[in-house]
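Peer 1: target-v2.txt is reproduced in full below (compact mmCIF, C-alpha atoms and all ligand atoms).
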# COMPACT_ATOMS: atom_id res chain seq x y z
CA MET T 1 158.35 -175.82 53.06
CA LYS T 2 158.07 -172.15 53.64
CA TRP T 3 158.50 -170.05 56.70
CA LYS T 4 156.26 -167.06 57.12
CA CYS T 5 157.56 -164.19 59.20
CA PRO T 6 154.93 -163.54 61.88
CA LYS T 7 155.74 -159.83 61.91
CA CYS T 8 155.63 -158.81 58.25
CA GLY T 9 153.97 -161.84 56.67
CA ARG T 10 156.62 -162.38 54.00
CA GLU T 11 157.47 -165.97 53.13
CA PHE T 12 160.96 -167.42 52.99
CA SER T 13 162.42 -170.81 52.22
CA ARG T 14 164.59 -170.73 55.34
CA ILE T 15 163.28 -170.56 58.88
CA ASP T 16 164.21 -167.30 60.58
CA GLN T 17 165.57 -165.88 57.34
CA GLN T 18 167.18 -162.52 58.03
CA HIS T 19 165.37 -159.75 56.28
CA TYR T 20 164.28 -156.20 56.72
CA CYS T 21 161.08 -156.50 58.65
CA GLY T 22 158.72 -153.55 58.67
CA LYS T 23 157.90 -150.49 56.69
CA PRO T 24 161.00 -149.28 54.85
CA GLU T 25 161.89 -145.72 55.74
CA THR T 26 164.98 -145.35 53.58
CA ILE T 27 165.89 -146.54 50.11
CA ASP T 28 168.43 -148.92 51.64
CA GLU T 29 165.74 -150.52 53.78
CA TYR T 30 163.41 -150.69 50.79
CA ILE T 31 166.01 -152.52 48.72
CA GLU T 32 166.82 -154.88 51.59
CA SER T 33 163.14 -155.71 51.94
CA GLN T 34 163.04 -157.17 48.40
CA ASP T 35 164.05 -160.59 47.17
CA GLU T 36 167.72 -161.12 46.42
CA PRO T 37 167.70 -161.07 42.58
CA VAL T 38 165.44 -158.01 42.57
CA GLN T 39 167.76 -156.18 44.96
CA GLU T 40 170.48 -156.24 42.34
CA LYS T 41 168.26 -154.55 39.75
CA LEU T 42 167.12 -151.98 42.28
CA ARG T 43 170.71 -151.13 43.17
CA GLU T 44 171.47 -150.76 39.49
CA VAL T 45 168.58 -148.40 38.78
CA ARG T 46 169.35 -146.46 41.93
CA SER T 47 172.93 -145.88 40.88
CA ILE T 48 171.82 -144.80 37.40
CA ILE T 49 169.36 -142.22 38.75
CA ARG T 50 171.66 -141.20 41.59
CA SER T 51 174.45 -140.34 39.18
CA ALA T 52 172.02 -138.56 36.82
CA LEU T 53 170.61 -136.43 39.64
CA PRO T 54 173.42 -135.72 42.09
CA GLU T 55 171.61 -132.68 43.54
CA ALA T 56 168.36 -134.52 44.23
CA GLU T 57 167.57 -135.88 47.66
CA GLU T 58 166.83 -139.57 48.09
CA ARG T 59 163.76 -140.29 50.19
CA MET T 60 160.78 -142.57 50.48
CA SER T 61 157.51 -141.15 49.16
CA TRP T 62 154.29 -143.06 48.45
CA SER T 63 156.21 -146.07 49.83
CA MET T 64 158.59 -145.85 46.88
CA PRO T 65 162.23 -144.83 46.53
CA THR T 66 162.03 -141.24 45.33
CA TYR T 67 164.27 -138.49 44.05
CA TRP T 68 163.23 -135.13 45.36
CA ARG T 69 164.23 -131.58 44.64
CA GLY T 70 161.59 -129.11 45.78
CA ARG T 71 159.09 -131.77 44.76
CA ASN T 72 159.10 -135.42 43.76
CA LEU T 73 160.98 -135.87 40.48
CA ILE T 74 160.94 -139.60 39.81
CA HIS T 75 160.17 -142.80 41.71
CA PHE T 76 161.06 -146.41 41.19
CA ALA T 77 159.68 -149.57 42.74
CA ALA T 78 159.86 -153.33 42.50
CA SER T 79 156.90 -155.34 41.29
CA LYS T 80 156.69 -159.10 40.95
CA LYS T 81 157.73 -159.26 37.30
CA HIS T 82 159.16 -155.87 36.56
CA LEU T 83 160.91 -152.85 37.85
CA GLY T 84 158.62 -149.84 37.71
CA ILE T 85 159.87 -146.34 37.00
CA TYR T 86 157.46 -143.48 37.63
CA PRO T 87 158.59 -140.26 35.99
CA GLY T 88 155.13 -138.65 35.63
CA GLY T 89 152.72 -138.63 32.72
CA GLU T 90 154.44 -135.90 30.74
CA ALA T 91 157.71 -137.79 30.65
CA THR T 92 156.19 -140.97 29.28
CA THR T 93 154.57 -138.86 26.54
CA VAL T 94 157.78 -137.01 25.66
CA PHE T 95 159.81 -140.24 25.58
CA ALA T 96 157.06 -142.39 24.03
CA GLU T 97 158.98 -143.12 20.84
CA GLU T 98 162.09 -144.33 22.70
CA LEU T 99 159.95 -146.36 25.08
CA LYS T 100 158.01 -148.17 22.40
CA ASP T 101 159.72 -151.49 23.11
CA TYR T 102 158.64 -151.37 26.74
CA ASP T 103 155.39 -151.82 28.57
CA VAL T 104 154.42 -148.21 29.29
CA SER T 105 151.29 -146.52 30.51
CA LYS T 106 150.85 -142.89 31.44
CA GLY T 107 153.48 -142.12 34.05
CA THR T 108 154.65 -145.72 34.41
CA ILE T 109 157.48 -147.59 32.70
CA ARG T 110 157.70 -151.31 33.35
CA LEU T 111 161.13 -152.82 32.81
CA PRO T 112 161.23 -156.62 32.88
CA TYR T 113 163.84 -158.13 35.22
CA ASN T 114 165.15 -160.46 32.52
CA LYS T 115 166.19 -157.61 30.23
CA GLU T 116 169.11 -155.28 30.63
CA LEU T 117 168.19 -151.86 31.95
CA PRO T 118 168.24 -149.10 29.31
CA GLU T 119 170.76 -147.12 31.30
CA ASP T 120 171.16 -144.17 28.98
CA LEU T 121 167.42 -143.76 28.53
CA ILE T 122 166.73 -143.93 32.28
CA ARG T 123 169.41 -141.33 32.84
CA ARG T 124 167.95 -138.97 30.23
CA ILE T 125 164.43 -139.37 31.57
CA ALA T 126 165.65 -138.62 35.10
CA VAL T 127 167.48 -135.50 33.93
CA TRP T 128 164.41 -134.42 31.99
CA CYS T 129 162.25 -134.81 35.12
CA CYS T 130 164.69 -132.72 37.12
CA GLU T 131 164.75 -129.97 34.50
CA GLN T 132 160.97 -129.91 34.13
CA TYR T 133 159.84 -130.38 37.70
CA SER T 134 162.40 -128.71 39.92
CA LYS T 135 161.89 -125.18 38.65
ZN ZN T 201 159.38 -159.95 58.78
Translate the structure described by the file into structure tokens.
Peer 2:
Amino acid sequence: MKWKCPKCGREFSRIDQQHYCGKPETIDEYIESQDEPVQEKLREVRSIIRSALPEAEERMSWSMPTYWRGRNLIHFAASKKHLGIYPGGEATTVFAEELKDYDVSKGTIRLPYNKELPEDLIRRIAVWCCEQYSK
């Protein structure tokens, strides 16, 4: 049996499950609003991008965790089956060869939850975004 939160409409297996209820306004709230196993992946990708872009500001933009420096540099977000990274269309073109094993469309990289995150590649893409976009 499932319990549906009357406020946000999310479903949980436990009645009165504690969860972040509402529109996330910070990356922490965004991560807390996701399911448990997904939260772990989100924390991982956040720490990868955070350490790649120490000067960028973390904020929510387009309802997604975002790194900002003068403008949006890169976003990430949780989907049902994958973690999405949104570095812009130019980045997915420049890194196309290295991304060939992943499900990529212009501006979107979909990383399946059951695979290890390509940490080095994510870091390099984030740095590239910062160099290109924050001029
Ligand atoms: Zn709720």
Peer 1: Output as a Markdown table one row per residue of chain T within 8 Å of ligand ZN 201 (chain T): the closest atom pair and its distance in Å to one decimal place, counting all atoms listed in the file, sorted by chain and residue number ascending.
Peer 2:
| residue | atom | partner | partner_atom | distance |
| --- | --- | --- | --- | --- |
| T:Lys4 | CA | T:ZN201 | ZN | 7.9 |
| T:Cys5 | CA | T:ZN201 | ZN | 4.6 |
| T:Pro6 | CA | T:ZN201 | ZN | 6.5 |
| T:Lys7 | CA | T:ZN201 | ZN | 4.8 |
| T:Cys8 | CA | T:ZN201 | ZN | 4.0 |
| T:Gly9 | CA | T:ZN201 | ZN | 6.1 |
| T:Arg10 | CA | T:ZN201 | ZN | 6.0 |
| T:His19 | CA | T:ZN201 | ZN | 6.5 |
| T:Tyr20 | CA | T:ZN201 | ZN | 6.5 |
| T:Cys21 | CA | T:ZN201 | ZN | 3.8 |
| T:Gly22 | CA | T:ZN201 | ZN | 6.4 |
Peer 1: Work out how far atom CA of T:Lys106 is from atom CA of T:Glu90, in Å to one decimal.
Peer 2: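 Distance between the two atoms: 7.9 Å.
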Peer 1: Using Å and a single decimal, report how far atom CA of T:Ile125 sits from atom CA of T:Ala91.
Peer 2: 7.0 Å
Peer 1: If you measure from atom CA of T:Lys115 to atom CA of T:His75, what distance in Å do you get, rounded to one decimal?
Peer 2: 19.7 Å
Peer 1: Give me the residues of stretch 76-124 of chain T that have any atom at most 9 Å from an atom of stretch 24-42 of chain T; for each, the nearest atom pair and the distance in Å, rounded to one decimal. Use all atoms listed in the file, sort by chain and number, and format it as CSV.
Peer 2:
residue,atom,partner,partner_atom,distance
T:Phe76,CA,T:Leu42,CA,8.3
T:Ala77,CA,T:Leu42,CA,7.8
T:Ala78,CA,T:Val38,CA,7.3
T:Lys80,CA,T:Val38,CA,9.0
T:His82,CA,T:Val38,CA,9.0
T:Leu83,CA,T:Leu42,CA,7.7
T:Tyr113,CA,T:Lys41,CA,7.3
T:Leu117,CA,T:Lys41,CA,8.3
Peer 1: What's the 12 Å shell around stretch 103-105 of chain T, counting all atoms listed in the file, without same-chain residues fewer than 4 positions away, as a ChimeraX atom specification?
Peer 2: /T:81-93,95-99,109-112
Peer 1: Could you save the residues just selected, with C-alpha atoms, as a PDB file, in the coordinates of the input?
Peer 2:
ATOM      1  CA  LYS T  81     157.730-159.260  37.300  1.00  0.00           C
ATOM      2  CA  HIS T  82     159.160-155.870  36.560  1.00  0.00           C
ATOM      3  CA  LEU T  83     160.910-152.850  37.850  1.00  0.00           C
ATOM      4  CA  GLY T  84     158.620-149.840  37.710  1.00  0.00           C
ATOM      5  CA  ILE T  85     159.870-146.340  37.000  1.00  0.00           C
ATOM      6  CA  TYR T  86     157.460-143.480  37.630  1.00  0.00           C
ATOM      7  CA  PRO T  87     158.590-140.260  35.990  1.00  0.00           C
ATOM      8  CA  GLY T  88     155.130-138.650  35.630  1.00  0.00           C
ATOM      9  CA  GLY T  89     152.720-138.630  32.720  1.00  0.00           C
ATOM     10  CA  GLU T  90     154.440-135.900  30.740  1.00  0.00           C
ATOM     11  CA  ALA T  91     157.710-137.790  30.650  1.00  0.00           C
ATOM     12  CA  THR T  92     156.190-140.970  29.280  1.00  0.00           C
ATOM     13  CA  THR T  93     154.570-138.860  26.540  1.00  0.00           C
ATOM     14  CA  PHE T  95     159.810-140.240  25.580  1.00  0.00           C
ATOM     15  CA  ALA T  96     157.060-142.390  24.030  1.00  0.00           C
ATOM     16  CA  GLU T  97     158.980-143.120  20.840  1.00  0.00           C
ATOM     17  CA  GLU T  98     162.090-144.330  22.700  1.00  0.00           C
ATOM     18  CA  LEU T  99     159.950-146.360  25.080  1.00  0.00           C
ATOM     19  CA  ILE T 109     157.480-147.590  32.700  1.00  0.00           C
ATOM     20  CA  ARG T 110     157.700-151.310  33.350  1.00  0.00           C
ATOM     21  CA  LEU T 111     161.130-152.820  32.810  1.00  0.00           C
ATOM     22  CA  PRO T 112     161.230-156.620  32.880  1.00  0.00           C
TER      23      PRO T 112
END
Peer 1: Do a neighbour search on stretch 46-58 of chain T at 10 Å with all atoms listed in the file, toss out local chain neighbours closer than 2 positions, and write the hits as a tab-separated table (two decimals) with C-alpha atoms, in the coordinates of the input.
Peer 2:
chain	number	residue	atom	x	y	z
T	26	THR	CA	164.98	-145.35	53.58
T	27	ILE	CA	165.89	-146.54	50.11
T	31	ILE	CA	166.01	-152.52	48.72
T	40	GLU	CA	170.48	-156.24	42.34
T	41	LYS	CA	168.26	-154.55	39.75
T	42	LEU	CA	167.12	-151.98	42.28
T	43	ARG	CA	170.71	-151.13	43.17
T	44	GLU	CA	171.47	-150.76	39.49
T	60	MET	CA	160.78	-142.57	50.48
T	61	SER	CA	157.51	-141.15	49.16
T	65	PRO	CA	162.23	-144.83	46.53
T	66	THR	CA	162.03	-141.24	45.33
T	67	TYR	CA	164.27	-138.49	44.05
T	68	TRP	CA	163.23	-135.13	45.36
T	69	ARG	CA	164.23	-131.58	44.64
T	70	GLY	CA	161.59	-129.11	45.78
T	71	ARG	CA	159.09	-131.77	44.76
T	72	ASN	CA	159.10	-135.42	43.76
T	73	LEU	CA	160.98	-135.87	40.48
T	74	ILE	CA	160.94	-139.60	39.81
T	75	HIS	CA	160.17	-142.80	41.71
T	76	PHE	CA	161.06	-146.41	41.19
T	117	LEU	CA	168.19	-151.86	31.95
T	118	PRO	CA	168.24	-149.10	29.31
T	119	GLU	CA	170.76	-147.12	31.30
T	120	ASP	CA	171.16	-144.17	28.98
T	121	LEU	CA	167.42	-143.76	28.53
T	122	ILE	CA	166.73	-143.93	32.28
T	123	ARG	CA	169.41	-141.33	32.84
T	124	ARG	CA	167.95	-138.97	30.23
T	125	ILE	CA	164.43	-139.37	31.57
T	126	ALA	CA	165.65	-138.62	35.10
T	127	VAL	CA	167.48	-135.50	33.93
T	128	TRP	CA	164.41	-134.42	31.99
T	129	CYS	CA	162.25	-134.81	35.12
T	130	CYS	CA	164.69	-132.72	37.12
T	134	SER	CA	162.40	-128.71	39.92
Peer 1: Any chance you could build stretch 67-90 of chain T out to N, CA and C atoms and write it as a JSON list (two decimals), in the coordinates of the input?
Peer 2:
[["chain", "number", "residue", "atom", "x", "y", "z"],
["T", 67, "TYR", "N", 163.30, -139.58, 44.16],
["T", 67, "TYR", "CA", 164.27, -138.49, 44.05],
["T", 67, "TYR", "C", 163.51, -137.19, 44.13],
["T", 68, "TRP", "N", 163.98, -136.33, 45.01],
["T", 68, "TRP", "CA", 163.23, -135.13, 45.36],
["T", 68, "TRP", "C", 164.10, -133.90, 45.23],
["T", 69, "ARG", "N", 163.56, -132.87, 44.63],
["T", 69, "ARG", "CA", 164.23, -131.58, 44.64],
["T", 69, "ARG", "C", 163.14, -130.51, 44.57],
["T", 70, "GLY", "N", 162.71, -130.05, 45.73],
["T", 70, "GLY", "CA", 161.59, -129.11, 45.78],
["T", 70, "GLY", "C", 160.25, -129.81, 45.63],
["T", 71, "ARG", "N", 160.25, -130.89, 44.93],
["T", 71, "ARG", "CA", 159.09, -131.77, 44.76],
["T", 71, "ARG", "C", 159.60, -133.13, 44.28],
["T", 72, "ASN", "N", 158.69, -134.11, 44.24],
["T", 72, "ASN", "CA", 159.10, -135.42, 43.76],
["T", 72, "ASN", "C", 159.42, -135.34, 42.27],
["T", 73, "LEU", "N", 160.56, -135.90, 41.88],
["T", 73, "LEU", "CA", 160.98, -135.87, 40.48],
["T", 73, "LEU", "C", 160.67, -137.20, 39.79],
["T", 74, "ILE", "N", 161.08, -138.27, 40.44],
["T", 74, "ILE", "CA", 160.94, -139.60, 39.81],
["T", 74, "ILE", "C", 160.97, -140.66, 40.93],
["T", 75, "HIS", "N", 160.19, -141.69, 40.75],
["T", 75, "HIS", "CA", 160.17, -142.80, 41.71],
["T", 75, "HIS", "C", 160.56, -144.08, 40.98],
["T", 76, "PHE", "N", 160.98, -145.07, 41.75],
["T", 76, "PHE", "CA", 161.06, -146.41, 41.19],
["T", 76, "PHE", "C", 160.57, -147.40, 42.25],
["T", 77, "ALA", "N", 160.19, -148.58, 41.81],
["T", 77, "ALA", "CA", 159.68, -149.57, 42.74],
["T", 77, "ALA", "C", 159.74, -150.95, 42.11],
["T", 78, "ALA", "N", 159.82, -151.95, 42.98],
["T", 78, "ALA", "CA", 159.86, -153.33, 42.50],
["T", 78, "ALA", "C", 158.46, -153.91, 42.46],
["T", 79, "SER", "N", 158.12, -154.54, 41.35],
["T", 79, "SER", "CA", 156.90, -155.34, 41.29],
["T", 79, "SER", "C", 157.33, -156.80, 41.10],
["T", 80, "LYS", "N", 156.36, -157.68, 41.07],
["T", 80, "LYS", "CA", 156.69, -159.10, 40.95],
["T", 80, "LYS", "C", 157.53, -159.39, 39.71],
["T", 81, "LYS", "N", 157.08, -158.88, 38.55],
["T", 81, "LYS", "CA", 157.73, -159.26, 37.30],
["T", 81, "LYS", "C", 158.54, -158.16, 36.65],
["T", 82, "HIS", "N", 158.44, -156.96, 37.20],
["T", 82, "HIS", "CA", 159.16, -155.87, 36.56],
["T", 82, "HIS", "C", 159.58, -154.82, 37.57],
["T", 83, "LEU", "N", 160.50, -154.01, 37.10],
["T", 83, "LEU", "CA", 160.91, -152.85, 37.85],
["T", 83, "LEU", "C", 160.11, -151.68, 37.30],
["T", 84, "GLY", "N", 159.42, -150.97, 38.16],
["T", 84, "GLY", "CA", 158.62, -149.84, 37.71],
["T", 84, "GLY", "C", 159.39, -148.54, 37.89],
["T", 85, "ILE", "N", 159.31, -147.68, 36.88],
["T", 85, "ILE", "CA", 159.87, -146.34, 37.00],
["T", 85, "ILE", "C", 158.71, -145.37, 36.76],
["T", 86, "TYR", "N", 158.61, -144.39, 37.65],
["T", 86, "TYR", "CA", 157.46, -143.48, 37.63],
["T", 86, "TYR", "C", 157.93, -142.04, 37.48],
["T", 87, "PRO", "N", 158.05, -141.60, 36.23],
["T", 87, "PRO", "CA", 158.59, -140.26, 35.99],
["T", 87, "PRO", "C", 157.50, -139.20, 35.78],
["T", 88, "GLY", "N", 156.23, -139.58, 35.90],
["T", 88, "GLY", "CA", 155.13, -138.65, 35.63],
["T", 88, "GLY", "C", 154.62, -138.80, 34.20],
["T", 89, "GLY", "N", 153.39, -138.42, 34.00],
["T", 89, "GLY", "CA", 152.72, -138.63, 32.72],
["T", 89, "GLY", "C", 153.33, -137.87, 31.55],
["T", 90, "GLU", "N", 153.83, -136.68, 31.83],
["T", 90, "GLU", "CA", 154.44, -135.90, 30.74],
["T", 90, "GLU", "C", 155.66, -136.61, 30.19]]
